[in-house]
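Participant: I'd like to ask some things about the structure below.
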Amino acid sequence: MAELGTGIVELPEVEASDRNALYDKVFCWTAGFVTFFVSICNIGDSLYNNQQIVFATLLWVLSAFLVTSLRNIVQLWFYLGLALMGWLVFSNLVASLQGVEPARWSRVSDMAVQIAAFSVLVPALRVRSEAIGWALGGLVLAFFVNFGWLVVTWNSLDNPESYNWVWGLPNFVNIRFYASFLMVVAAVSIWGVLSFQSWARLFYLLLFFLAMAQILWSGSRSPLVALLIAAIFLSILLGRRYWLTWGALIAVFVASAVVASSFPVDSGSLGVARALGFGSKAVMDVSSVNEISSGRLAIWRDAAQWIGMRPILGWGGDFYRGVSSVSSLAQVHNGPLQLALEWGIPLAVLLFSRFLFLAINGVKQIYTHRHQNEIFLLGYLLFLSMLIHSALDGVFYHGTPLFFMMLAVSLITVTGPLVKSDRR
């Protein structure tokens with residue numbers, strides 16, 4: 001009877017354990033699925049893609065409640081997130097009430113959901129860090145799907161050299177969006193080469209080779225510059241211990257440039273020469289610098305004039321799409337200017353001052369410890385790449401890079417002080 005009684009008492013604990021194990025699997029599977037989906041969801045226009053990514057991100061957020069509790073979520077960053085989301089809503093509402101068009105609320109949801117995701121995923125990833133591996137698996141799987149699709153498209157064309165690759169990718173509406181995704185893959189590859197040994201290191205070297213070859217072939221300068229600056233900076237922080245590894249990465253980079261040059265196309269917007277800046281004017285006057293920057297200086301001046309008219313609250317979501325005097329552009333190719341234009345300078349200053357703090361704090365941690373926690377190292381390299389990229393492109397406008405920026409900040413924060421893993 002005593003044994004029977006003991007069995008009856010322990011049964012609820014066994015059921016709870018099985019239930020928690022199932023919840024863990026759901027959270028991890030969702031991490032992989034959402035990351036995979038976000039990495040291939042780029043076939044429509046930006047507003048459509050962004051909304052699909054918002055729904056996918058919300059799915060991951062909901063699954064996070066299976067492995068953490070509200071008590072763990074309500075931390076300092078939670079209140080900061082609430083403040084940012086409150087400002088987004090207030091600013092956009094004022095613009096809408098004052099008749100500013102379009103004051104698009106879908107842009108508010110783009111930003112707000114990623115901020116909310118950060119607040120919820122940080123405590124969830126702290127107690128179930130294995131979900132990070134699933135997210136990386138989803139990223140790598142998406143990479144090979146995208147790469148395979150590109151190879152099939154190239155081989156199916158009678159004359160692939162003359163094809164419109166800028167707007168003709170089967171799975172990305174624009175090749176620059178694809179290059180931003182490839183930058184994420186390349187950053188993860190560098191981390192993998194630095195962190196693993198044996199066959200895993202060889203796999204990440206292969207991944208780096210394939211990603212860099214496509215970035216160079218696409219002629220995309222912004223993601224290339226961002227990744228190179230972040231990698232060089234990280235190599236300095238890590239010191240001599242990794243110099244041989246960096247040498248191997250440099251050799252693979254050169255090989256990727258050679259291979260990318262073997263697939264020329266009849267477009268001045270693509271190719272290794274464009275990616276590396278060969279042939280660009282070096283005269284440092286405004287017109288030549290604007291040309292080298294693909295017209296970005298003119299775009300930034302145009303956006304700055306509009307910001308000056310409504311510096312505090314901004315013009316509301318997706319404002320630049322309708323007023324750009326430079327060309328038919330939807331975004332200003334600069335993160336701080338984009339946020340200041342849509343929702344005011346205070347929001348941009350608050351958010352980017354936090355990013356600056358994370359960047360400086362990361363320097364201190366990596367330089368002091370040389371070999372930091374692997375999750376932190378991954379998050380910091382990805383974060384630094386995205387932060388630099390955001391100075392030159394629409395990281396805070398397009399859904400895929402915004403998702404990975406949020407994920408990078410989450411990975412950095414995950415390695416902070418641990419909280420109780422209370423699941424209820």
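As shown in the structure tokens, the chain order sets the letters A, B, ...; within each chain, residues go from 1, and ligands are also counted from 1 in the order they appear.
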Quick one: residues within 7 Å of range 97-104 of chain A, only C-alpha atoms counted, chain neighbours fewer than 4 positions away excluded, as a list of chain:residue names?
Facilitator: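 After dropping sequence-adjacent residues, the list is A:Asn92, A:Leu93, A:Trp315, A:Gly316, A:Gly317, A:Asp318, A:Phe319.
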Participant: Within 10 Å of Gly308 in chain A, counting only C-alpha atoms, which residues qualify if same-chain residues fewer than 2 places away don't, as a list in words?
Facilitator: Ala303, Ala304, Gln305, Trp306, Arg310, Pro311, Ile312, Gly314, Ala340, Leu341, Gly344 and Ile345 of chain A
Participant: Just how far from CA of Gly399 in chain A is CA of Ser109 in chain A, in Å to one decimal?
Facilitator: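 The value is 10.8 Å.
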Participant: Which one of A:Ala64, A:Ile229, A:Lys25, A:Asn146 sits closest to Ser39 in chain A if you count only C-alpha atoms?
Facilitator: A:Asn146
Participant: Measuring between only C-alpha atoms, which one of A:Ser218, A:Asn50, A:Ser256, A:Thr415 shows the shortest distance to Gly268 in chain A?
Facilitator: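 Among the listed residues, A:Ser218 lies closest to Gly268 in chain A.
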Participant: Considering only C-alpha atoms, state which residue in the set A:Val363, A:Val113, A:Leu329, A:Ala298 is at the smallest distance from Met406 in chain A.
Facilitator: A:Val113
Participant: Neighbours of range 126-138 of chain A within 8 Å (only C-alpha atoms; same-chain residues fewer than 2 positions away dropped), as a list in words?
Facilitator: Asp24, Phe27, Cys28, Trp29, Ala31, Gly32, Phe33, Val34, Thr35, Phe36, Val67, Thr68, Val122, Pro123, Ala124, Val140, Leu141, Ala142, Val414, Thr415, Leu418, Val419 and Ser421 of chain A
Participant: Show me, as an MDAnalysis selection string, the residues that have an atom within 6 Å of range 183-193 of chain A when counting only C-alpha atoms, minus same-chain residues fewer than 5 positions from it.
Facilitator: chainID A and resid 201 204 208 211 223 378 382
Participant: Hey, can you spit out that residue selection with C-alpha atoms as a short mmCIF file (atom, residue, chain, number, x, y, z; two decimals), in the first residue's frame?
Facilitator:
data_model
loop_
_atom_site.label_atom_id
_atom_site.label_comp_id
_atom_site.auth_asym_id
_atom_site.auth_seq_id
_atom_site.Cartn_x
_atom_site.Cartn_y
_atom_site.Cartn_z
CA ARG A 201 34.91 24.07 -38.44
CA TYR A 204 31.40 26.62 -41.28
CA PHE A 208 31.41 31.16 -45.21
CA ALA A 211 27.88 33.07 -48.50
CA PRO A 223 26.56 44.18 -46.16
CA LEU A 378 27.75 35.04 -31.75
CA LEU A 382 25.92 39.58 -35.56
#
Participant: Go through A:Ala21, A:Leu358, A:Val94, A:Ile250 and flag the residue nearest Leu313 in chain A, using only C-alpha atoms for the distances.
Facilitator: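 Closest to Leu313 in chain A, using only C-alpha atoms: A:Val94.
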Participant: Closest to Leu297 in chain A among A:Leu392, A:Leu244, A:Met405, A:Ile73, using only C-alpha atoms?
Facilitator: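 Checking each of A:Leu392, A:Leu244, A:Met405, A:Ile73 against Leu297 in chain A, counting only C-alpha atoms, the winner is A:Leu392.
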